[in-house]
Each structure stands twice: as structure tokens, then as C-alpha cells.
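What follows is the content of my_file-v2.cif, which has mmCIF, C-alpha atoms and all ligand atoms:
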data_final
loop_
_atom_site.label_atom_id
_atom_site.label_comp_id
_atom_site.auth_asym_id
_atom_site.auth_seq_id
_atom_site.Cartn_x
_atom_site.Cartn_y
_atom_site.Cartn_z
CA MET Z 1 -6.17 7.93 -6.04
CA ALA Z 2 -6.79 4.37 -7.16
CA ASP Z 3 -7.34 1.71 -4.51
CA LEU Z 4 -3.81 0.34 -4.32
CA GLU Z 5 -4.79 -2.80 -2.38
CA GLN Z 6 -7.35 -3.65 -5.06
CA LEU Z 7 -4.70 -3.24 -7.79
CA ALA Z 8 -2.32 -5.45 -5.81
CA GLU Z 9 -4.97 -8.16 -5.63
CA LEU Z 10 -5.68 -7.83 -9.36
CA LEU Z 11 -2.01 -8.29 -10.29
CA ASP Z 12 -1.39 -11.05 -7.76
CA GLU Z 13 -4.40 -12.99 -9.06
CA ALA Z 14 -3.29 -12.41 -12.67
CA ALA Z 15 0.12 -13.91 -11.81
CA ARG Z 16 -1.36 -16.77 -9.77
CA THR Z 17 -3.84 -17.78 -12.47
CA ALA Z 18 -1.72 -16.81 -15.53
CA GLN Z 19 -4.50 -14.59 -16.90
CA ALA Z 20 -3.61 -11.29 -18.56
CA VAL Z 21 -5.22 -8.08 -17.29
CA ALA Z 22 -5.72 -4.63 -18.81
CA GLN Z 23 -3.02 -2.03 -18.23
CA ILE Z 24 -3.66 0.03 -15.08
CA SER Z 25 -2.52 3.07 -17.10
CA ASP Z 26 -5.60 2.60 -19.33
CA THR Z 27 -7.65 3.90 -16.42
CA ALA Z 28 -5.28 6.09 -14.39
CA ALA Z 29 -1.50 6.05 -14.54
CA LEU Z 30 0.29 5.24 -11.30
CA THR Z 31 3.20 7.36 -10.08
CA PRO Z 32 6.33 5.32 -9.29
CA VAL Z 33 5.68 5.84 -5.56
CA GLU Z 34 2.13 4.45 -5.87
CA ALA Z 35 3.33 1.64 -8.11
CA TYR Z 36 5.98 0.49 -5.60
CA LYS Z 37 3.24 0.47 -2.94
CA VAL Z 38 1.14 -1.80 -5.17
CA GLN Z 39 4.18 -4.05 -5.68
CA ALA Z 40 4.79 -4.29 -1.92
CA LEU Z 41 1.09 -5.04 -1.27
CA SER Z 42 1.02 -7.69 -3.96
CA LEU Z 43 4.18 -9.32 -2.55
CA ALA Z 44 2.59 -9.26 0.91
CA ARG Z 45 -0.11 -11.52 -0.52
CA ARG Z 46 2.56 -13.97 -1.72
CA TYR Z 47 4.29 -13.92 1.70
CA ALA Z 48 0.89 -14.61 3.34
CA ARG Z 49 0.66 -17.75 1.15
CA GLY Z 50 4.03 -18.90 2.49
CA GLU Z 51 6.44 -17.58 -0.14
CA ARG Z 52 9.71 -16.12 1.12
CA ARG Z 53 11.61 -13.12 -0.27
CA ILE Z 54 15.05 -14.39 -1.33
CA GLY Z 55 16.39 -11.43 -3.26
CA VAL Z 56 15.66 -8.72 -5.77
CA LYS Z 57 15.94 -8.17 -9.50
CA MET Z 58 16.83 -5.03 -11.36
CA GLY Z 59 14.88 -4.20 -14.50
CA LEU Z 60 15.62 -2.14 -17.57
CA THR Z 61 19.32 -1.67 -16.86
CA SER Z 62 20.32 -2.03 -20.54
CA ARG Z 63 19.45 0.00 -23.65
CA ALA Z 64 18.29 -3.20 -25.38
CA LYS Z 65 15.70 -3.86 -22.68
CA MET Z 66 14.53 -0.24 -22.51
CA ALA Z 67 14.06 -0.20 -26.28
CA GLN Z 68 12.21 -3.53 -26.31
CA VAL Z 69 9.53 -2.44 -23.85
CA GLY Z 70 9.56 1.34 -24.40
CA VAL Z 71 10.24 2.26 -20.77
CA ASP Z 72 13.41 4.29 -20.03
CA ASP Z 73 13.79 4.00 -16.26
CA VAL Z 74 15.55 1.42 -14.14
CA THR Z 75 13.10 -0.51 -11.92
CA TRP Z 76 13.36 -3.26 -9.34
CA GLY Z 77 11.25 -6.13 -8.09
CA ARG Z 78 11.28 -8.81 -5.41
CA LEU Z 79 12.24 -12.46 -5.96
CA THR Z 80 10.64 -15.23 -3.90
CA ASP Z 81 11.61 -18.85 -3.34
CA ALA Z 82 8.63 -19.95 -5.46
CA MET Z 83 10.23 -18.29 -8.50
CA ARG Z 84 13.47 -20.30 -8.30
CA VAL Z 85 14.09 -22.97 -10.92
CA GLU Z 86 17.02 -25.38 -10.62
CA ASP Z 87 19.81 -25.11 -13.20
CA GLY Z 88 18.80 -27.48 -16.01
CA GLY Z 89 15.24 -27.58 -14.68
CA LYS Z 90 11.95 -27.39 -16.51
CA ILE Z 91 9.18 -24.80 -16.39
CA GLY Z 92 5.60 -25.39 -17.52
CA ARG Z 93 4.43 -22.96 -20.19
CA ALA Z 94 0.87 -23.08 -18.79
CA ALA Z 95 1.96 -21.38 -15.56
CA TYR Z 96 2.67 -18.13 -17.42
CA VAL Z 97 0.77 -15.62 -19.55
CA HIS Z 98 3.45 -15.01 -22.21
CA PRO Z 99 6.87 -15.92 -20.79
CA ARG Z 100 10.19 -14.63 -22.12
CA VAL Z 101 13.73 -15.47 -21.06
CA GLU Z 102 16.67 -13.12 -20.81
CA PRO Z 103 20.38 -13.34 -20.00
CA GLU Z 104 21.46 -11.95 -16.65
CA ILE Z 105 24.32 -11.81 -14.17
CA ALA Z 106 23.45 -12.72 -10.56
CA PHE Z 107 25.13 -11.65 -7.35
CA LEU Z 108 24.93 -13.67 -4.14
CA MET Z 109 25.27 -11.40 -1.11
CA LYS Z 110 27.35 -12.18 1.98
CA ALA Z 111 26.81 -8.94 3.88
CA PRO Z 112 23.95 -6.44 4.23
CA LEU Z 113 23.94 -3.58 1.73
CA ALA Z 114 21.59 -0.60 1.51
CA GLY Z 115 21.54 3.07 0.61
CA ALA Z 116 24.21 5.11 -1.17
CA VAL Z 117 27.20 2.81 -1.66
CA SER Z 118 30.21 2.84 -3.97
CA ALA Z 119 30.92 0.05 -6.45
CA MET Z 120 33.81 -1.05 -4.20
CA GLU Z 121 31.56 -1.22 -1.14
CA ALA Z 122 28.99 -3.15 -3.16
CA LEU Z 123 31.65 -5.63 -4.33
CA ALA Z 124 32.83 -6.14 -0.74
CA ALA Z 125 29.33 -7.40 0.14
CA VAL Z 126 29.29 -10.03 -2.65
CA GLU Z 127 29.86 -13.72 -1.93
CA ALA Z 128 29.71 -14.95 -5.55
CA VAL Z 129 28.73 -14.02 -9.10
CA ALA Z 130 26.95 -16.35 -11.54
CA PRO Z 131 25.33 -16.49 -14.96
CA ALA Z 132 21.54 -16.47 -14.67
CA LEU Z 133 18.42 -16.78 -16.80
CA GLU Z 134 15.42 -14.73 -15.84
CA ILE Z 135 11.91 -15.77 -16.87
CA ILE Z 136 9.83 -12.63 -17.15
CA ASP Z 137 6.09 -12.61 -17.68
CA SER Z 138 4.15 -9.38 -17.82
CA ARG Z 139 0.69 -9.81 -16.41
CA TYR Z 140 -0.55 -7.14 -18.83
CA ARG Z 141 -2.23 -7.85 -22.14
CA ASP Z 142 0.18 -8.00 -25.11
CA PHE Z 143 3.21 -7.55 -22.78
CA LYS Z 144 2.59 -3.76 -22.93
CA PHE Z 145 2.99 -1.39 -19.99
CA ASP Z 146 4.16 2.02 -18.82
CA LEU Z 147 6.59 2.65 -15.97
CA GLY Z 148 3.93 2.57 -13.24
CA ASP Z 149 2.33 -0.57 -14.68
CA VAL Z 150 5.55 -2.57 -14.76
CA ILE Z 151 6.67 -1.50 -11.27
CA ALA Z 152 3.27 -2.48 -9.84
CA ASP Z 153 3.62 -5.85 -11.61
CA ASN Z 154 6.86 -6.59 -9.70
CA SER Z 155 8.89 -5.71 -12.80
CA SER Z 156 7.48 -8.78 -14.58
CA SER Z 157 9.32 -11.15 -12.19
CA SER Z 158 8.21 -14.72 -12.53
CA GLY Z 159 11.20 -17.05 -12.42
CA PHE Z 160 14.96 -17.32 -12.43
CA VAL Z 161 17.71 -19.91 -12.79
CA ILE Z 162 21.15 -19.37 -11.26
CA GLY Z 163 24.20 -21.04 -12.81
CA PRO Z 164 27.57 -22.00 -11.30
CA PRO Z 165 29.07 -19.50 -8.83
CA SER Z 166 32.40 -17.77 -9.40
CA ALA Z 167 34.55 -15.79 -6.96
CA PRO Z 168 33.46 -12.17 -6.44
CA GLY Z 169 36.83 -10.98 -7.74
CA THR Z 170 36.04 -12.39 -11.21
CA ASP Z 171 36.18 -9.65 -13.84
CA ILE Z 172 32.57 -9.20 -15.01
CA ALA Z 173 32.98 -5.85 -16.77
CA ASN Z 174 32.78 -7.04 -20.38
CA LEU Z 175 31.90 -10.72 -20.68
CA GLY Z 176 30.55 -12.20 -23.90
CA ILE Z 177 26.97 -13.43 -23.64
CA VAL Z 178 25.35 -16.01 -25.95
CA LEU Z 179 21.72 -17.04 -25.49
CA THR Z 180 20.66 -20.08 -27.50
CA VAL Z 181 17.26 -21.66 -28.06
CA ASP Z 182 17.47 -25.31 -29.19
CA GLY Z 183 21.12 -24.75 -30.08
CA ARG Z 184 20.43 -21.75 -32.30
CA VAL Z 185 21.78 -18.37 -31.28
CA ALA Z 186 18.91 -16.07 -30.29
CA GLU Z 187 20.76 -13.14 -28.68
CA THR Z 188 24.38 -12.13 -28.19
CA GLY Z 189 25.81 -9.33 -26.12
CA SER Z 190 28.15 -8.21 -23.40
CA SER Z 191 27.78 -7.78 -19.65
CA ALA Z 192 28.95 -4.19 -20.30
CA ALA Z 193 25.45 -3.51 -21.67
CA ILE Z 194 24.22 -3.61 -18.06
CA LEU Z 195 24.68 0.03 -16.99
CA GLY Z 196 28.25 -0.10 -18.35
CA HIS Z 197 29.19 -2.64 -15.63
CA PRO Z 198 26.88 -5.10 -13.82
CA LEU Z 199 28.20 -3.91 -10.45
CA ARG Z 200 26.40 -0.61 -11.11
CA ALA Z 201 23.13 -2.54 -11.05
CA LEU Z 202 24.03 -3.78 -7.56
CA VAL Z 203 24.79 -0.18 -6.50
CA ALA Z 204 21.37 0.84 -7.88
CA ALA Z 205 19.70 -2.10 -6.10
CA ALA Z 206 21.16 -1.02 -2.75
CA ARG Z 207 19.91 2.53 -3.29
CA MET Z 208 16.43 1.54 -4.49
CA VAL Z 209 15.65 -1.07 -1.83
CA ALA Z 210 16.66 1.45 0.83
CA GLN Z 211 14.09 3.88 -0.60
CA ALA Z 212 11.50 1.21 0.24
CA GLY Z 213 12.88 0.86 3.78
CA GLU Z 214 14.49 -2.51 2.96
CA GLU Z 215 18.03 -3.80 2.57
CA LEU Z 216 19.93 -6.44 0.66
CA ARG Z 217 20.67 -9.21 3.16
CA PRO Z 218 23.29 -11.93 3.40
CA GLY Z 219 22.11 -14.85 1.24
CA ASP Z 220 20.08 -12.61 -1.05
CA ILE Z 221 20.27 -13.03 -4.80
CA VAL Z 222 20.40 -9.86 -6.90
CA LEU Z 223 19.77 -10.07 -10.64
CA ALA Z 224 21.54 -7.23 -12.46
CA GLY Z 225 19.06 -6.95 -15.35
CA ALA Z 226 19.17 -8.39 -18.84
CA ALA Z 227 22.06 -7.56 -21.15
CA THR Z 228 19.97 -8.17 -24.31
CA ALA Z 229 16.32 -8.12 -25.34
CA ALA Z 230 14.19 -10.95 -23.95
CA VAL Z 231 13.15 -13.94 -26.10
CA PRO Z 232 9.63 -15.49 -26.06
CA VAL Z 233 9.62 -19.17 -25.09
CA ALA Z 234 7.47 -22.10 -26.21
CA PRO Z 235 6.92 -25.69 -25.03
CA GLY Z 236 9.62 -28.14 -26.12
CA GLN Z 237 12.43 -25.60 -26.15
CA ARG Z 238 15.75 -25.83 -24.35
CA ILE Z 239 17.30 -22.49 -23.51
CA GLU Z 240 20.94 -22.10 -22.65
CA LEU Z 241 23.00 -19.09 -21.65
CA GLN Z 242 26.76 -19.05 -21.93
CA VAL Z 243 28.59 -16.23 -20.19
CA GLN Z 244 32.29 -15.95 -20.93
CA THR Z 245 34.40 -17.26 -17.99
CA LEU Z 246 31.30 -17.68 -15.75
CA GLY Z 247 29.92 -20.74 -17.55
CA THR Z 248 26.55 -22.03 -18.61
CA VAL Z 249 23.03 -22.09 -17.20
CA ALA Z 250 20.07 -23.84 -18.83
CA LEU Z 251 16.36 -24.37 -18.68
CA SER Z 252 13.79 -26.33 -20.63
CA VAL Z 253 10.13 -25.57 -21.29
CA GLY Z 254 7.31 -28.09 -20.97
CA ASP Z 255 3.58 -27.70 -21.63
C1 LIG J 301 10.35 -5.62 -17.34
C2 LIG J 301 11.41 -6.33 -16.54
C3 LIG J 301 12.78 -6.00 -17.06
C4 LIG J 301 15.22 -6.66 -17.11
O1 LIG J 301 16.08 -7.50 -16.86
O2 LIG J 301 15.46 -5.64 -17.75
C5 LIG J 301 13.85 -6.92 -16.62
C6 LIG J 301 10.03 -6.36 -18.62
O3 LIG J 301 10.80 -6.30 -19.56
O4 LIG J 301 8.97 -7.00 -18.67
O5 LIG J 301 13.66 -7.89 -15.93
MG MG J 302 15.38 -9.27 -16.04
#
Show me, as C-alpha cells, the structure contained in the file I just sent.
Amino acid sequence: MADLEQLAELLDEAARTAQAVAQISDTAALTPVEAYKVQALSLARRYARGERRIGVKMGLTSRAKMAQVGVDDVTWGRLTDAMRVEDGGKIGRAAYVHPRVEPEIAFLMKAPLAGAVSAMEALAAVEAVAPALEIIDSRYRDFKFDLGDVIADNSSSSGFVIGPPSAPGTDIANLGIVLTVDGRVAETGSSAAILGHPLRALVAAARMVAQAGEELRPGDIVLAGAATAAVPVAPGQRIELQVQTLGTVALSVGD
């Protein structure tokens, strides 16, 4: 078995220094269980530097995302306070290897949630829903990876922007999504692309974090996964996401 701590250090350093690394699967593919251990070890390094876990993100919960990266399984990753970008804020391109943005729906939790839960139980633990942009950045060369690679790399988590909150009772089943770059439409879709209903991503999050011995906690943010393919970003761009009834969230990109 590969040295999981060594792989965690490799990926953490790649993220910290924005330097791409070779795919782990080039040498020896990780099983999902090994890969989640690498993810946890790499996050432990971030926590040791003072970062705080403030939620989780689901990955590959839509067909569009699965097709874009060629991985067919739902994954999850941890979000830390260092990844948060204010709505309307600016990111620096240099801090990433090859960043992409994607349209998401975020949940803010008001009660703990873990294990096998129904959609109704999941909804009862939600404080608010919001439109969100995720900035993903694979630490692997050419943004290529297999399932084990991407899990170990914290499901490409690198940043997120949360828009205005709406009441948890807001109907989010089939909301129109428009992602624009400099005012031009880059992607359109529906929140229904996320596992048929974004709440199913929250159900999956509760189940998957429990498998790691963790739980969703009050105050946690949960990103449901992108509804469309992700779009590469470049310095000078302004990216805006409009989600029907939920409103708008935006981000700009500097050098
Ligand atoms: C993996 C992360 C996927 C999503 O929303 O589907 C993800 C990747 O595409 O790099 O965040
Ligand atoms: Mg995402």
C-alpha cells in the first residue's frame, strides 16, 4: 500500500504552492477508502496551519459534471474558512493551478445531520438555501484524475462564494441556472440536474460524512454539486451566477 501520509503531504503542498503534480493513479490507483484517508490526512495539515472546517461539498452529482471529468461516482470533500470568498469578491489567478468555476446550490445547516436520513429529515435540518459559485482546482496535471485521485485531492475543493440566503421552504427542485462570464452566457441548466433534486445531495452528504465518522453540524455549509460543467477562468473576468428565485452571486478574477 502506498504511504498515505506522504500522498497527503504531496497534495497539500501542491494546493498550497499551486503546482500541479502527477496523478497518483499513474503509479498505483487508490481505493476510495484509501483516498478518503489521504483526504483526511491532507485536511489535518490545513487544520494544523489554523484553517477551520466550515462545511462540505458534494462532487459529481450531475451527469454534466461526470461527463466532463470522466468519473461516474459521487464524491465529497471538506470546505475550510480559508476557501471562502465574499460575494462580489476577487480571487487571484496565481493562487491556483488551473481554476474553474461552477454553479451550485448551498445549504446552511441549523441542526446536526448524519447517517441514513430522508429528504424530509434533511430539509428539517436546513437553516437557509443560497446560490453559490464553487472554484475548483484539480492539483493534478491537465485537470485529469480517476476516482481515487480526485477523492484524495479533496474533490478539487479550492474556493466558494455563497449568495443571498432564502428560506429553507423555498422550492429548489427545478430552478433555472445561468452562469455568465463578462456578461456572456457560459452555461445554462436547472437545479434538477443535481441528482434530480439538490436535497438528494444533502441526503448523500449526511450518509457519506457519517461513513468517515463525522457529521454535518449547525452552521455548516453544504454545497450540493455543480448543475452544469465547470468553466475555466482567467484574470480580468467577472463571473456571475443567477439562480431563478434565489438570486445572484458573483466573483471577479485578478492576476
Ligand atoms: C471534481 C469536483 C466536482 C462538483 O460540483 O461536481 C465538483 C472536479 O470536477 O474537479 O465539485
Ligand atoms: Mg462543485
(request) List all protein, DNA and RNA residues that have any atom at most 8 Å from ligand LIG 301 (chain J), counting only C-alpha atoms and all ligand atoms, and write the list as an NGL selection string. (result) :Z and (57-62 or 65-66 or 68-69 or 74-75 or 102-104 or 134 or 136-138 or 143 or 150 or 155-157 or 223-227 or 230)
Export of the given selection (C-alpha atoms) as an mmCIF file, keeping the file's coordinate frame:
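In the end it all went to again11.cif:
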data_model
loop_
_atom_site.group_PDB
_atom_site.id
_atom_site.type_symbol
_atom_site.label_atom_id
_atom_site.label_comp_id
_atom_site.auth_asym_id
_atom_site.auth_seq_id
_atom_site.Cartn_x
_atom_site.Cartn_y
_atom_site.Cartn_z
ATOM 1 C CA LYS Z 57 15.940 -8.170 -9.500
ATOM 2 C CA MET Z 58 16.830 -5.030 -11.360
ATOM 3 C CA GLY Z 59 14.880 -4.200 -14.500
ATOM 4 C CA LEU Z 60 15.620 -2.140 -17.570
ATOM 5 C CA THR Z 61 19.320 -1.670 -16.860
ATOM 6 C CA SER Z 62 20.320 -2.030 -20.540
ATOM 7 C CA LYS Z 65 15.700 -3.860 -22.680
ATOM 8 C CA MET Z 66 14.530 -0.240 -22.510
ATOM 9 C CA GLN Z 68 12.210 -3.530 -26.310
ATOM 10 C CA VAL Z 69 9.530 -2.440 -23.850
ATOM 11 C CA VAL Z 74 15.550 1.420 -14.140
ATOM 12 C CA THR Z 75 13.100 -0.510 -11.920
ATOM 13 C CA GLU Z 102 16.670 -13.120 -20.810
ATOM 14 C CA PRO Z 103 20.380 -13.340 -20.000
ATOM 15 C CA GLU Z 104 21.460 -11.950 -16.650
ATOM 16 C CA GLU Z 134 15.420 -14.730 -15.840
ATOM 17 C CA ILE Z 136 9.830 -12.630 -17.150
ATOM 18 C CA ASP Z 137 6.090 -12.610 -17.680
ATOM 19 C CA SER Z 138 4.150 -9.380 -17.820
ATOM 20 C CA PHE Z 143 3.210 -7.550 -22.780
ATOM 21 C CA VAL Z 150 5.550 -2.570 -14.760
ATOM 22 C CA SER Z 155 8.890 -5.710 -12.800
ATOM 23 C CA SER Z 156 7.480 -8.780 -14.580
ATOM 24 C CA SER Z 157 9.320 -11.150 -12.190
ATOM 25 C CA LEU Z 223 19.770 -10.070 -10.640
ATOM 26 C CA ALA Z 224 21.540 -7.230 -12.460
ATOM 27 C CA GLY Z 225 19.060 -6.950 -15.350
ATOM 28 C CA ALA Z 226 19.170 -8.390 -18.840
ATOM 29 C CA ALA Z 227 22.060 -7.560 -21.150
ATOM 30 C CA ALA Z 230 14.190 -10.950 -23.950
#
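Among the candidates Z:Ile135, Z:Leu241, Z:Val71, Z:Ala15, the one nearest to ligand MG 302 (chain J) when counting only C-alpha atoms and all ligand atoms is Z:Ile135.
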(message) Report, in Å to a single decimal, how far apart CA of Pro165 (chain Z) and CA of Met208 (chain Z) are.
(response) 24.9 Å
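You can rank Z:Ala64, Z:Val249, Z:Ala152, Z:Ile172 by their closest distance to Val231 (chain Z) using only C-alpha atoms, and at the top of that list sits Z:Ala64.
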(request) Excluding Gln19 (chain Z) and residues on its chain fewer than 3 positions from it, collect all residues at most 10 Å away from it, counting only C-alpha atoms, and give them as an NGL selection string. (result) :Z and (11 or 13-16 or 95-98 or 139-141)
(message) Neighbouring residues of Glu86 (chain Z) were defined as those with any atom within 12 Å, considering all atoms listed in the file; residues of the same chain fewer than 6 positions away were excluded. Please report them as a PyMOL selection string.
(response) chain Z and resi 132-134+159-164+249-252
(message) At a cut-off of 10 Å, using all atoms listed in the file, what residues contact Phe107 (chain Z)? Leave out same-chain residues fewer than 6 positions from it and give the result as a list in words.
(response) Gly55, Leu123, Ala125, Val126, Glu127, Ala128, Val129, Ala130, Pro131, Ala132, Ile162, Pro165, Ser166, Pro168, Pro198, Leu199, Leu202, Gly219, Asp220, Ile221, Val222, Leu223 and Ala224 of chain Z
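Among the candidate residues Z:Leu195, Z:Ile105, Z:Val203, Z:Val233, the one lying nearest to ligand MG 302 (chain J) is Z:Ile105, with distances computed using all atoms listed in the file.
Between CA of Ala122 (chain Z) and CA of Ala206 (chain Z) the separation is 8.1 Å.
Using all atoms listed in the file, the protein and nucleic acid residues lying no more than 9 Å from Leu4 (chain Z), apart from those fewer than 2 places from it along its own chain, are Met1, Ala2, Gln6, Leu7, Ala8, Glu9, Glu34, Ala35, Lys37, Val38 and Leu41 of chain Z.
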